[in-house]
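Have a look at coords14.tsv; it's TSV, C-alpha atoms and all ligand atoms:
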```tsv
chain	number	residue	atom	x	y	z
A	1420	MET	CA	17.69	4.90	8.23
A	1421	THR	CA	17.07	5.03	11.97
A	1422	THR	CA	13.51	4.91	13.22
A	1423	PRO	CA	12.42	8.14	14.94
A	1424	PRO	CA	11.19	7.87	18.56
A	1425	LEU	CA	7.56	6.86	18.97
A	1426	PRO	CA	5.12	9.77	19.30
A	1427	THR	CA	3.34	10.25	22.64
A	1428	TYR	CA	0.12	11.87	23.86
A	1429	ALA	CA	2.08	15.13	24.35
A	1430	ASP	CA	2.62	15.12	20.55
A	1431	VAL	CA	-1.14	14.68	20.05
A	1432	GLN	CA	-1.76	17.67	22.32
A	1433	ALA	CA	0.78	19.72	20.33
A	1434	ALA	CA	-0.94	18.65	17.08
A	1435	ALA	CA	-4.30	19.77	18.50
A	1436	ARG	CA	-2.85	23.27	19.02
A	1437	ILE	CA	-1.44	23.32	15.44
A	1438	LEU	CA	-4.81	22.22	14.01
A	1439	ASP	CA	-6.90	24.61	16.11
A	1440	GLY	CA	-8.75	26.87	13.65
A	1441	VAL	CA	-7.29	24.98	10.65
A	1442	ALA	CA	-9.04	21.59	10.78
A	1443	HIS	CA	-12.76	21.33	11.44
A	1444	ARG	CA	-13.85	20.17	14.85
A	1445	THR	CA	-16.19	17.54	13.41
A	1446	PRO	CA	-19.50	16.71	15.09
A	1447	VAL	CA	-20.39	13.52	16.95
A	1448	LEU	CA	-23.55	12.02	15.41
A	1449	ARG	CA	-26.21	10.06	17.30
A	1450	SER	CA	-29.31	8.17	16.17
A	1451	ARG	CA	-31.83	6.20	18.22
A	1452	ARG	CA	-32.58	4.00	15.23
A	1453	LEU	CA	-28.89	3.21	14.91
A	1454	ASP	CA	-28.63	2.44	18.63
A	1455	ALA	CA	-31.55	0.03	18.26
A	1456	LEU	CA	-29.89	-1.67	15.27
A	1457	ALA	CA	-26.53	-1.94	17.02
A	1458	GLY	CA	-27.84	-2.82	20.48
A	1459	CYS	CA	-25.57	-0.21	22.06
A	1460	GLU	CA	-25.12	3.55	22.33
A	1461	VAL	CA	-23.22	4.55	19.18
A	1462	HIS	CA	-21.33	7.86	19.06
A	1463	LEU	CA	-20.06	8.53	15.53
A	1464	LYS	CA	-17.11	10.91	15.04
A	1465	ALA	CA	-17.91	12.40	11.63
A	1466	GLU	CA	-14.51	12.70	9.96
A	1467	HIS	CA	-16.13	12.32	6.53
A	1468	LEU	CA	-17.09	15.96	7.21
A	1469	GLN	CA	-13.43	16.92	7.81
A	1470	ARG	CA	-11.60	19.13	5.28
A	1471	VAL	CA	-10.78	17.05	2.14
A	1472	GLY	CA	-13.46	14.64	3.34
A	1473	ALA	CA	-11.28	12.53	5.62
A	1474	PHE	CA	-9.26	12.66	8.86
A	1475	LYS	CA	-6.03	12.53	6.79
A	1476	PHE	CA	-5.92	16.36	6.70
A	1477	ARG	CA	-5.05	16.35	10.40
A	1478	GLY	CA	-1.91	14.25	10.03
A	1479	ALA	CA	-0.75	15.90	6.82
A	1480	PHE	CA	-1.07	19.45	8.14
A	1481	THR	CA	0.64	18.52	11.41
A	1482	ALA	CA	3.57	16.88	9.58
A	1483	LEU	CA	4.03	19.72	7.07
A	1484	SER	CA	3.89	22.35	9.81
A	1485	ALA	CA	7.17	20.97	11.19
A	1486	PHE	CA	9.11	21.64	7.94
A	1487	ASP	CA	12.01	24.12	8.15
A	1488	ALA	CA	12.51	26.92	5.59
A	1489	ASP	CA	14.59	24.78	3.18
A	1490	GLN	CA	12.09	21.95	3.27
A	1491	ARG	CA	9.22	24.36	2.62
A	1492	ARG	CA	11.01	25.79	-0.40
A	1493	ALA	CA	11.63	22.37	-2.03
A	1494	GLY	CA	8.21	21.09	-1.02
A	1495	VAL	CA	6.62	17.76	-0.13
A	1496	LEU	CA	6.23	14.44	-1.93
A	1497	ALA	CA	3.69	11.81	-0.98
A	1498	TRP	CA	2.31	8.54	-2.34
A	1499	SER	CA	-1.30	7.59	-1.76
A	1500	SER	CA	-4.32	5.96	-3.36
A	1501	GLY	CA	-6.39	8.93	-2.38
A	1502	ASN	CA	-7.17	10.73	0.84
A	1503	HIS	CA	-3.60	11.27	2.02
A	1504	ALA	CA	-2.88	12.73	-1.41
A	1505	GLN	CA	-5.65	15.28	-1.11
A	1506	ALA	CA	-4.68	16.03	2.46
A	1507	VAL	CA	-1.02	16.69	1.62
A	1508	ALA	CA	-2.02	18.74	-1.43
A	1509	LEU	CA	-4.33	21.01	0.60
A	1510	ALA	CA	-1.95	21.29	3.56
A	1511	ALA	CA	0.90	22.22	1.19
A	1512	ARG	CA	-1.22	24.88	-0.47
A	1513	GLU	CA	-2.23	26.33	2.90
A	1514	LEU	CA	1.40	26.43	4.00
A	1515	GLY	CA	2.60	27.81	0.66
A	1516	MET	CA	4.80	24.94	-0.55
A	1517	PRO	CA	4.91	22.80	-3.72
A	1518	ALA	CA	3.55	19.23	-3.61
A	1519	THR	CA	4.04	16.17	-5.82
A	1520	ILE	CA	1.75	13.18	-5.31
A	1521	VAL	CA	2.39	9.65	-6.64
A	1522	MET	CA	-1.02	7.97	-7.24
A	1523	PRO	CA	-2.09	4.65	-8.80
A	1524	HIS	CA	-3.72	4.68	-12.27
A	1525	ASP	CA	-6.89	3.17	-10.76
A	1526	ALA	CA	-7.25	5.64	-7.89
A	1527	PRO	CA	-10.82	6.97	-7.64
A	1528	GLU	CA	-11.10	9.78	-10.18
A	1529	LEU	CA	-12.77	12.05	-7.63
A	1530	LYS	CA	-9.65	11.83	-5.46
A	1531	VAL	CA	-7.28	12.48	-8.36
A	1532	ALA	CA	-9.31	15.49	-9.49
A	1533	ALA	CA	-9.40	16.90	-5.97
A	1534	THR	CA	-5.63	16.49	-5.59
A	1535	LEU	CA	-5.03	18.32	-8.86
A	1536	GLY	CA	-7.58	20.93	-7.80
A	1537	TYR	CA	-5.51	21.76	-4.72
A	1538	GLY	CA	-2.61	22.62	-7.03
A	1539	ALA	CA	-0.45	19.52	-6.60
A	1540	GLU	CA	1.40	17.74	-9.41
A	1541	VAL	CA	0.20	14.12	-9.82
A	1542	VAL	CA	2.54	11.34	-11.05
A	1543	ARG	CA	0.72	8.04	-11.77
A	1544	TYR	CA	1.88	4.41	-11.55
A	1545	ASP	CA	0.51	0.86	-11.94
A	1546	ARG	CA	-0.53	-0.46	-8.53
A	1547	TRP	CA	-0.30	-4.13	-9.57
A	1548	THR	CA	3.18	-4.07	-11.16
A	1549	GLU	CA	5.13	-1.02	-9.92
A	1550	ASP	CA	6.54	-0.12	-6.49
A	1551	ARG	CA	5.23	3.29	-5.47
A	1552	GLU	CA	7.77	3.68	-2.69
A	1553	ALA	CA	10.67	3.24	-5.12
A	1554	ILE	CA	9.12	5.67	-7.62
A	1555	GLY	CA	8.40	8.22	-4.90
A	1556	ALA	CA	11.81	7.96	-3.25
A	1557	ALA	CA	13.62	8.45	-6.58
A	1558	LEU	CA	11.52	11.51	-7.45
A	1559	ALA	CA	12.01	13.03	-4.00
A	1560	ALA	CA	15.79	12.57	-4.17
A	1561	GLU	CA	15.90	14.15	-7.63
A	1562	ARG	CA	13.90	17.21	-6.50
A	1563	GLY	CA	15.12	17.55	-2.90
A	1564	MET	CA	11.54	17.12	-1.68
A	1565	THR	CA	10.66	15.76	1.76
A	1566	VAL	CA	8.58	12.57	1.77
A	1567	VAL	CA	5.57	12.48	4.08
A	1568	PRO	CA	4.26	8.89	4.17
A	1569	PRO	CA	0.54	8.23	4.78
A	1570	TYR	CA	0.86	6.61	8.20
A	1571	ASP	CA	4.38	5.76	9.39
A	1572	HIS	CA	5.43	9.24	10.51
A	1573	PRO	CA	5.36	10.72	14.04
A	1574	GLY	CA	3.66	13.96	12.98
A	1575	VAL	CA	1.04	12.09	10.96
A	1576	ILE	CA	0.25	9.75	13.87
A	1577	ALA	CA	0.05	12.69	16.31
A	1578	GLY	CA	-2.30	14.59	13.97
A	1579	GLN	CA	-4.59	11.58	13.49
A	1580	GLY	CA	-4.65	11.19	17.29
A	1581	THR	CA	-6.62	14.42	17.59
A	1582	VAL	CA	-9.73	12.64	16.20
A	1583	VAL	CA	-10.20	10.43	19.25
A	1584	LYS	CA	-8.88	13.18	21.56
A	1585	GLU	CA	-11.84	15.32	20.45
A	1586	LEU	CA	-14.26	12.39	20.60
A	1587	LEU	CA	-13.27	11.69	24.22
A	1588	GLU	CA	-13.60	15.37	25.10
A	1589	ASP	CA	-17.17	15.33	23.77
A	1590	VAL	CA	-18.05	11.86	25.15
A	1591	PRO	CA	-15.67	11.28	28.08
A	1592	ASP	CA	-17.10	8.01	29.35
A	1593	LEU	CA	-16.85	5.77	26.27
A	1594	ASP	CA	-16.51	2.05	27.05
A	1595	VAL	CA	-15.31	1.11	23.56
A	1596	VAL	CA	-13.53	3.01	20.74
A	1597	VAL	CA	-13.55	1.59	17.19
A	1598	THR	CA	-11.57	2.92	14.22
A	1599	PRO	CA	-10.78	1.75	10.68
A	1600	LEU	CA	-7.29	0.27	10.20
A	1601	GLY	CA	-5.08	0.54	7.13
A	1602	GLY	CA	-1.44	1.25	7.88
A	1603	GLY	CA	-2.33	2.17	11.44
A	1604	GLY	CA	-1.81	5.94	11.64
A	1605	LEU	CA	-5.38	6.56	12.77
A	1606	LEU	CA	-5.45	3.62	15.19
A	1607	ALA	CA	-2.00	4.41	16.66
A	1608	GLY	CA	-2.99	8.05	17.22
A	1609	SER	CA	-6.32	6.93	18.69
A	1610	LEU	CA	-4.46	4.66	21.12
A	1611	LEU	CA	-2.20	7.53	22.26
A	1612	SER	CA	-5.31	9.55	23.11
A	1613	ALA	CA	-7.44	6.75	24.51
A	1614	ARG	CA	-4.70	5.30	26.71
A	1615	ALA	CA	-3.94	8.77	28.15
A	1616	VAL	CA	-7.51	10.02	28.60
A	1617	ALA	CA	-9.71	6.91	28.92
A	1618	PRO	CA	-7.35	4.09	29.93
A	1619	ARG	CA	-10.20	1.69	30.73
A	1620	ALA	CA	-11.80	1.94	27.27
A	1621	ARG	CA	-11.38	-1.02	24.96
A	1622	VAL	CA	-9.93	0.04	21.59
A	1623	TYR	CA	-10.49	-1.94	18.37
A	1624	GLY	CA	-9.10	-1.55	14.87
A	1625	VAL	CA	-11.12	-2.84	11.91
A	1626	GLU	CA	-9.50	-3.86	8.63
A	1627	PRO	CA	-10.94	-5.42	5.45
A	1628	ALA	CA	-11.36	-9.21	5.76
A	1629	ALA	CA	-9.46	-9.61	2.45
A	1630	GLY	CA	-6.43	-7.76	3.89
A	1631	ASP	CA	-6.03	-8.81	7.52
A	1632	ASP	CA	-2.28	-8.14	7.75
A	1633	GLY	CA	-2.80	-6.11	10.94
A	1634	ARG	CA	-4.52	-8.92	12.80
A	1635	ARG	CA	-1.90	-11.40	11.63
A	1636	SER	CA	0.94	-9.05	12.59
A	1637	LEU	CA	-0.34	-8.82	16.15
A	1638	GLU	CA	-0.81	-12.59	16.32
A	1639	GLU	CA	2.69	-13.31	15.01
A	1640	GLY	CA	4.41	-10.48	16.89
A	1641	ARG	CA	6.02	-9.08	13.72
A	1642	ILE	CA	4.99	-6.90	10.77
A	1643	VAL	CA	3.33	-9.28	8.25
A	1644	THR	CA	3.29	-8.11	4.59
A	1645	ILE	CA	0.51	-9.26	2.22
A	1646	GLY	CA	-0.26	-8.87	-1.49
A	1647	THR	CA	-2.59	-6.04	-2.57
A	1648	PRO	CA	-5.97	-7.09	-1.13
A	1649	ARG	CA	-9.06	-6.97	-3.38
A	1650	THR	CA	-11.64	-5.01	-1.42
A	1651	ILE	CA	-13.96	-2.05	-1.95
A	1652	ALA	CA	-12.17	-0.38	1.01
A	1653	ASP	CA	-9.57	1.35	-1.18
A	1654	GLY	CA	-8.32	3.50	1.73
A	1655	ALA	CA	-7.25	0.41	3.68
A	1656	GLN	CA	-5.55	-1.59	0.92
A	1657	THR	CA	-2.24	-1.26	2.75
A	1658	LEU	CA	0.22	-4.14	2.55
A	1659	HIS	CA	1.71	-3.85	6.05
A	1660	LEU	CA	1.73	-1.86	9.27
A	1661	GLY	CA	4.55	0.63	9.89
A	1662	GLU	CA	7.70	0.56	12.03
A	1663	LEU	CA	6.08	3.20	14.27
A	1664	THR	CA	2.44	2.13	14.13
A	1665	PHE	CA	3.10	-1.57	14.83
A	1666	PRO	CA	4.66	-1.17	18.32
A	1667	ILE	CA	1.97	1.32	19.36
A	1668	LEU	CA	-0.77	-1.11	18.26
A	1669	ARG	CA	1.00	-4.09	19.83
A	1670	ASP	CA	1.20	-2.37	23.22
A	1671	GLY	CA	-2.23	-0.75	23.27
A	1672	VAL	CA	-4.89	-2.24	21.04
A	1673	THR	CA	-7.52	-4.55	22.51
A	1674	GLU	CA	-8.01	-6.48	19.26
A	1675	VAL	CA	-7.98	-6.10	15.49
A	1676	VAL	CA	-11.15	-7.44	13.84
A	1677	THR	CA	-12.34	-7.49	10.23
A	1678	ALA	CA	-15.30	-6.56	8.01
A	1679	THR	CA	-16.21	-8.14	4.66
A	1680	ASP	CA	-17.14	-6.08	1.61
A	1681	ASP	CA	-20.79	-7.15	2.04
A	1682	GLN	CA	-20.73	-5.89	5.63
A	1683	LEU	CA	-19.25	-2.59	4.42
A	1684	VAL	CA	-22.10	-2.20	1.93
A	1685	THR	CA	-24.65	-2.89	4.68
A	1686	ALA	CA	-23.02	-0.24	6.86
A	1687	MET	CA	-22.96	2.26	3.97
A	1688	ARG	CA	-26.69	1.66	3.51
A	1689	VAL	CA	-27.31	2.24	7.22
A	1690	ALA	CA	-25.21	5.42	7.17
A	1691	ALA	CA	-27.18	6.70	4.17
A	1692	SER	CA	-30.70	5.67	5.16
A	1693	VAL	CA	-30.62	6.05	8.94
A	1694	LEU	CA	-28.04	8.83	9.37
A	1695	LYS	CA	-28.40	10.57	5.96
A	1696	GLN	CA	-24.63	10.48	5.57
A	1697	VAL	CA	-22.50	9.60	2.52
A	1698	VAL	CA	-19.53	7.60	3.81
A	1699	GLU	CA	-16.94	5.84	1.63
A	1700	PRO	CA	-16.43	2.06	1.96
A	1701	THR	CA	-13.24	2.43	4.04
A	1702	GLY	CA	-14.99	5.00	6.21
A	1703	VAL	CA	-17.58	2.53	7.52
A	1704	LEU	CA	-15.14	-0.22	8.58
A	1705	GLY	CA	-15.74	0.59	12.25
A	1706	LEU	CA	-19.50	0.90	11.94
A	1707	ALA	CA	-19.67	-2.37	9.97
A	1708	ALA	CA	-17.80	-4.25	12.69
A	1709	VAL	CA	-20.09	-2.88	15.41
A	1710	LEU	CA	-23.23	-3.79	13.43
A	1711	SER	CA	-21.96	-7.29	12.56
A	1712	GLY	CA	-20.89	-8.11	16.10
A	1713	ALA	CA	-17.22	-8.47	15.12
A	1714	VAL	CA	-16.49	-6.03	17.94
A	1715	PRO	CA	-17.43	-8.25	20.91
A	1716	GLN	CA	-19.48	-7.44	24.01
A	1717	THR	CA	-20.93	-4.05	23.19
A	1718	ALA	CA	-24.51	-4.65	24.38
A	1719	GLY	CA	-25.82	-1.59	26.20
A	1720	LEU	CA	-22.40	0.09	26.27
A	1721	ARG	CA	-21.22	3.49	25.02
A	1722	VAL	CA	-19.32	2.87	21.80
A	1723	GLY	CA	-17.36	5.55	19.92
A	1724	VAL	CA	-16.91	4.87	16.22
A	1725	VAL	CA	-14.82	6.90	13.76
A	1726	LEU	CA	-16.44	7.44	10.35
A	1727	SER	CA	-13.12	8.15	8.66
A	1728	GLY	CA	-13.94	9.46	5.19
A	1729	GLY	CA	-16.62	10.29	2.64
A	1730	ASN	CA	-14.81	10.44	-0.69
A	1731	VAL	CA	-16.68	8.14	-3.06
A	1732	ASP	CA	-17.89	8.90	-6.60
A	1733	LEU	CA	-21.67	9.24	-6.57
A	1734	GLU	CA	-22.09	6.64	-9.35
A	1735	ARG	CA	-20.03	4.14	-7.40
A	1736	PHE	CA	-21.86	5.00	-4.18
A	1737	ALA	CA	-25.21	4.44	-5.90
A	1738	ALA	CA	-24.07	1.13	-7.43
A	1739	LEU	CA	-22.75	-0.10	-4.07
A	1740	VAL	CA	-25.85	0.73	-2.03
A	1741	THR	CA	-28.29	-0.57	-4.66
A	1742	GLN	CA	-26.41	-3.57	-6.14
A	1743	GLY	CA	-23.89	-4.48	-3.42
A	1744	ALA	CA	-20.15	-5.06	-3.67
A	1745	ASP	CA	-20.38	-7.53	-6.60
A	1746	GLY	CA	-22.95	-5.51	-8.51
A	1747	ALA	CA	-20.75	-2.45	-8.36
A	1748	GLU	CA	-17.77	-4.32	-9.77
A	1749	GLY	CA	-18.38	-3.06	-13.29
A	1750	VAL	CA	-18.50	0.55	-12.10
A	1751	GLU	CA	-15.01	1.86	-12.60
A	1752	GLN	CA	-13.33	3.67	-9.74
A	1753	THR	CA	-11.40	5.72	-12.26
B	1801	LIG	C1	-6.26	6.31	5.21
B	1801	LIG	C2	-7.64	5.97	5.59
B	1801	LIG	C3	-7.90	4.96	6.53
B	1801	LIG	C4	-6.80	4.14	7.17
B	1801	LIG	O1	-5.95	4.93	7.95
B	1801	LIG	P1	-4.50	4.40	8.42
B	1801	LIG	O2	-3.93	5.52	9.17
B	1801	LIG	O3	-3.74	4.06	7.17
B	1801	LIG	O4	-4.74	3.18	9.22
B	1801	LIG	C5	-9.21	4.74	6.90
B	1801	LIG	N1	-10.22	5.44	6.35
B	1801	LIG	C6	-10.02	6.39	5.42
B	1801	LIG	C7	-11.18	7.10	4.85
B	1801	LIG	C8	-8.71	6.70	5.01
B	1801	LIG	O5	-8.52	7.64	4.09
```

Full structure transcribed into structure tokens:
Amino acid sequence: MTTPPLPTYADVQAAARILDGVAHRTPVLRSRRLDALAGCEVHLKAEHLQRVGAFKFRGAFTALSAFDADQRRAGVLAWSSGNHAQAVALAARELGMPATIVMPHDAPELKVAATLGYGAEVVRYDRWTEDREAIGAALAAERGMTVVPPYDHPGVIAGQGTVVKELLEDVPDLDVVVTPLGGGGLLAGSLLSARAVAPRARVYGVEPAAGDDGRRSLEEGRIVTIGTPRTIADGAQTLHLGELTFPILRDGVTEVVTATDDQLVTAMRVAASVLKQVVEPTGVLGLAAVLSGAVPQTAGLRVGVVLSGGNVDLERFAALVTQGADGAEGVEQT
């Protein structure tokens, strides 16, 4: 398979027109108490308030909108541990096409239920022993469905880029932009927008400390693949960057930094107590790295942070914020 050309800021602008009136224009949250805690001016882009509870709806709807009539008839297939699944399921329903989603057995039950609720078929697999890409590709070939991957797709990257495009429209003079990093769709899209609109801003990606394949990939100048990382950030348990996301990150990102599970719990507590917001562990990667100082030299500056998702079972949320990452271990995600 040949790699499609890399998306550009023009693709992000086109995605913004496709999403106008379909995706929510999410608010940017501020808090003086948070600024005092962080030692800088924090502007939080609230994508946990996006449709399906995460920014993934933007990329999925943008990608599915480009399907031709034959592709729409056969429908879409996706594999995901959660938010991309819900996003593809809802986008498919809105566009009137069938959807099949391949999800791990231990995906958060809330996310599975939501995916089914949007009318998609769910096929499950064992994350520790089976290869979801092989399962998905075989099913798609059998059914003539088009695969939309969670991050390594030009339409997905362009759609995710609208998050930081909007953030920079609302807060044009940001010094620093910080986003969570899994496979890099959100960060690559953010870079397309930031480099076009705010070229002087520093842009950081934050991944779980247990799964720092992104940081290592940039260090080694090639896509590094790791084993499934054990972290509470289930939305960023990706094994490697993509063929499209890697070169965009390599050419544009200031640095990739990490957050530990304990730092994620601290950030979830801050989001809940100071901001009154329920944000999932993956969703606070950026906030955690700003609070911990992993994002360097932010003192007194204007820092934009993407809160990327809010899909966490209430029981698990309660266990995490009261007992911490270890204490919540016994609370099943399924
Ligand atoms: C998918 C996801 C991420 C990571 O996004 P990538 O595009 O894979 O880097 C971060 N946060 C949440 C809530 C997600 O669902």

Residues near Gly1458 (chain A), anyone? I mean within 9 Å using only C-alpha atoms, not counting same-chain ones fewer than 6 positions away, as a short mmCIF file (atom, residue, chain, number, x, y, z; two decimals) with C-alpha atoms, keeping the file's coordinate frame.
```
data_model
loop_
_atom_site.label_atom_id
_atom_site.label_comp_id
_atom_site.auth_asym_id
_atom_site.auth_seq_id
_atom_site.Cartn_x
_atom_site.Cartn_y
_atom_site.Cartn_z
CA LEU A 1710 -23.23 -3.79 13.43
CA THR A 1717 -20.93 -4.05 23.19
CA ALA A 1718 -24.51 -4.65 24.38
CA GLY A 1719 -25.82 -1.59 26.20
CA LEU A 1720 -22.40 0.09 26.27
#
```

Problem - Residue with smallest distance to ligand LIG 1801 (chain B) - pool A:Met1516, A:Ala1686, A:Leu1658, A:Ala1747, counting only C-alpha atoms and all ligand atoms - result: A:Leu1658

Exercise for the section: Write out as a PyMOL selection string each polymer residue whose atoms come within 7 Å of Ala1607 (chain A), counting only C-alpha atoms; drop sequence neighbours fewer than 6 positions from it. Expected result: chain A and resi 1576+1664+1667-1668

Can you spit out the residues from that selection as an mmCIF file, in the coordinates of the input, using C-alpha atoms?
```
data_model
loop_
_atom_site.group_PDB
_atom_site.id
_atom_site.type_symbol
_atom_site.label_atom_id
_atom_site.label_comp_id
_atom_site.auth_asym_id
_atom_site.auth_seq_id
_atom_site.Cartn_x
_atom_site.Cartn_y
_atom_site.Cartn_z
ATOM 1 C CA ILE A 1576 0.250 9.750 13.870
ATOM 2 C CA THR A 1664 2.440 2.130 14.130
ATOM 3 C CA ILE A 1667 1.970 1.320 19.360
ATOM 4 C CA LEU A 1668 -0.770 -1.110 18.260
#
```

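Rounded to one decimal, CA of Glu1460 (chain A) and atom C2 of ligand LIG 1801 (chain B) lie 24.3 Å from each other.
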
Produce a table with one row for each residue of region 1602-1674 of chain A that has an atom at most 12 Å from any atom of region 1484-1504 of chain A, each row naming the nearest atom pair and its distance in Å at one decimal; use all atoms listed in the file; arrange rows by chain and rising residue number; format as a Markdown table.
```
| residue | atom | partner | partner_atom | distance |
| --- | --- | --- | --- | --- |
| A:Gly1602 | CA | A:Ser1499 | CA | 11.5 |
| A:Gly1604 | CA | A:His1503 | CA | 11.1 |
| A:Leu1605 | CA | A:His1503 | CA | 11.9 |
| A:Ala1652 | CA | A:Ser1500 | CA | 11.0 |
| A:Asp1653 | CA | A:Ser1500 | CA | 7.3 |
| A:Gly1654 | CA | A:Ser1500 | CA | 6.9 |
| A:Ala1655 | CA | A:Ser1500 | CA | 9.4 |
| A:Gln1656 | CA | A:Ser1500 | CA | 8.8 |
| A:Thr1657 | CA | A:Ser1500 | CA | 9.7 |
```

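Picture a line from CA of Arg1619 (chain A) to CA of Ala1465 (chain A); it runs 23.2 Å.
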
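Of note, CA of Gln1432 (chain A) and CA of Asn1730 (chain A) are spaced 27.4 Å apart.
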
Exercise for the section: Tell me which of A:Gln1579, A:Ser1727, A:Gln1505, A:Thr1650 sits closest to Leu1683 (chain A), counting all atoms listed in the file. Expected result: A:Thr1650

Exercise for the section: Could you please give me, as a VMD selection string, the residues of protein, DNA or RNA lying at most 10 Å from (0.4, -5.6, -7.9) in the coordinate frame of the file, considering only C-alpha atoms? Expected result: chain A and resid 1545 to 1550 1646 to 1648

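Take the candidates A:Gly1578, A:Pro1591, A:Gly1671, A:Gly1640 and check each one against ligand LIG 1801 (chain B) using only C-alpha atoms and all ligand atoms; the shortest distance goes to A:Gly1578.
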
Give me the residues near Ala1539 (chain A) as a PDB file with C-alpha atoms, keeping the file's coordinate frame, where near means some atom within 8 Å (using only C-alpha atoms) and where sequence neighbours in that chain fewer than 6 positions away do not count.
```pdb
ATOM      1  CA  ALA A1508      -2.020  18.740  -1.430  1.00  0.00           C
ATOM      2  CA  PRO A1517       4.910  22.800  -3.720  1.00  0.00           C
ATOM      3  CA  ALA A1518       3.550  19.230  -3.610  1.00  0.00           C
ATOM      4  CA  THR A1519       4.040  16.170  -5.820  1.00  0.00           C
ATOM      5  CA  ILE A1520       1.750  13.180  -5.310  1.00  0.00           C
TER       6      ILE A1520
END
```

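The smallest atom-to-atom distance between Ala1482 (chain A) and any of A:Val1722, A:Leu1514, A:Ser1636, A:Ala1629, using only C-alpha atoms, is found for A:Leu1514.
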
Could you give me, as a PDB file with C-alpha atoms, in the frame of the given file, the residues within 12 Å of Val1583 (chain A), counting only C-alpha atoms and dropping anything in the same chain fewer than 5 positions from it?
```pdb
ATOM      1  CA  TYR A1428       0.120  11.870  23.860  1.00  0.00           C
ATOM      2  CA  VAL A1431      -1.140  14.680  20.050  1.00  0.00           C
ATOM      3  CA  GLN A1432      -1.760  17.670  22.320  1.00  0.00           C
ATOM      4  CA  ALA A1435      -4.300  19.770  18.500  1.00  0.00           C
ATOM      5  CA  ARG A1444     -13.850  20.170  14.850  1.00  0.00           C
ATOM      6  CA  THR A1445     -16.190  17.540  13.410  1.00  0.00           C
ATOM      7  CA  PRO A1446     -19.500  16.710  15.090  1.00  0.00           C
ATOM      8  CA  VAL A1447     -20.390  13.520  16.950  1.00  0.00           C
ATOM      9  CA  HIS A1462     -21.330   7.860  19.060  1.00  0.00           C
ATOM     10  CA  LEU A1463     -20.060   8.530  15.530  1.00  0.00           C
ATOM     11  CA  LYS A1464     -17.110  10.910  15.040  1.00  0.00           C
ATOM     12  CA  ALA A1465     -17.910  12.400  11.630  1.00  0.00           C
ATOM     13  CA  GLU A1466     -14.510  12.700   9.960  1.00  0.00           C
ATOM     14  CA  PHE A1474      -9.260  12.660   8.860  1.00  0.00           C
ATOM     15  CA  ARG A1477      -5.050  16.350  10.400  1.00  0.00           C
ATOM     16  CA  ILE A1576       0.250   9.750  13.870  1.00  0.00           C
ATOM     17  CA  ALA A1577       0.050  12.690  16.310  1.00  0.00           C
ATOM     18  CA  GLY A1578      -2.300  14.590  13.970  1.00  0.00           C
ATOM     19  CA  GLU A1588     -13.600  15.370  25.100  1.00  0.00           C
ATOM     20  CA  ASP A1589     -17.170  15.330  23.770  1.00  0.00           C
ATOM     21  CA  VAL A1590     -18.050  11.860  25.150  1.00  0.00           C
ATOM     22  CA  PRO A1591     -15.670  11.280  28.080  1.00  0.00           C
ATOM     23  CA  LEU A1593     -16.850   5.770  26.270  1.00  0.00           C
ATOM     24  CA  VAL A1595     -15.310   1.110  23.560  1.00  0.00           C
ATOM     25  CA  VAL A1596     -13.530   3.010  20.740  1.00  0.00           C
ATOM     26  CA  VAL A1597     -13.550   1.590  17.190  1.00  0.00           C
ATOM     27  CA  THR A1598     -11.570   2.920  14.220  1.00  0.00           C
ATOM     28  CA  LEU A1605      -5.380   6.560  12.770  1.00  0.00           C
ATOM     29  CA  LEU A1606      -5.450   3.620  15.190  1.00  0.00           C
ATOM     30  CA  ALA A1607      -2.000   4.410  16.660  1.00  0.00           C
ATOM     31  CA  GLY A1608      -2.990   8.050  17.220  1.00  0.00           C
ATOM     32  CA  SER A1609      -6.320   6.930  18.690  1.00  0.00           C
ATOM     33  CA  LEU A1610      -4.460   4.660  21.120  1.00  0.00           C
ATOM     34  CA  LEU A1611      -2.200   7.530  22.260  1.00  0.00           C
ATOM     35  CA  SER A1612      -5.310   9.550  23.110  1.00  0.00           C
ATOM     36  CA  ALA A1613      -7.440   6.750  24.510  1.00  0.00           C
ATOM     37  CA  ARG A1614      -4.700   5.300  26.710  1.00  0.00           C
ATOM     38  CA  ALA A1615      -3.940   8.770  28.150  1.00  0.00           C
ATOM     39  CA  VAL A1616      -7.510  10.020  28.600  1.00  0.00           C
ATOM     40  CA  ALA A1617      -9.710   6.910  28.920  1.00  0.00           C
ATOM     41  CA  ALA A1620     -11.800   1.940  27.270  1.00  0.00           C
ATOM     42  CA  VAL A1622      -9.930   0.040  21.590  1.00  0.00           C
ATOM     43  CA  GLY A1723     -17.360   5.550  19.920  1.00  0.00           C
ATOM     44  CA  VAL A1724     -16.910   4.870  16.220  1.00  0.00           C
ATOM     45  CA  VAL A1725     -14.820   6.900  13.760  1.00  0.00           C
ATOM     46  CA  LEU A1726     -16.440   7.440  10.350  1.00  0.00           C
ATOM     47  CA  SER A1727     -13.120   8.150   8.660  1.00  0.00           C
TER      48      SER A1727
END
```

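Each of A:Glu1639, A:Asp1681, A:Glu1626, A:Asp1670 was compared to ligand LIG 1801 (chain B) using all atoms listed in the file, and A:Glu1626 turns out to be the nearest.
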
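Shortest separation to Gly1478 (chain A) among A:Val1541, A:Leu1535, A:Leu1637, A:Ile1437 occurs at residue A:Ile1437, atoms counted being all atoms listed in the file.
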
Practice task
Find the residues near Ile1645 (chain A): any atom within 8 Å, counting all atoms listed in the file, skip ones fewer than 5 places away on the same chain, and give them as a VMD selection string.
Solution key: chain A and resid 1630 1632 1658 to 1659
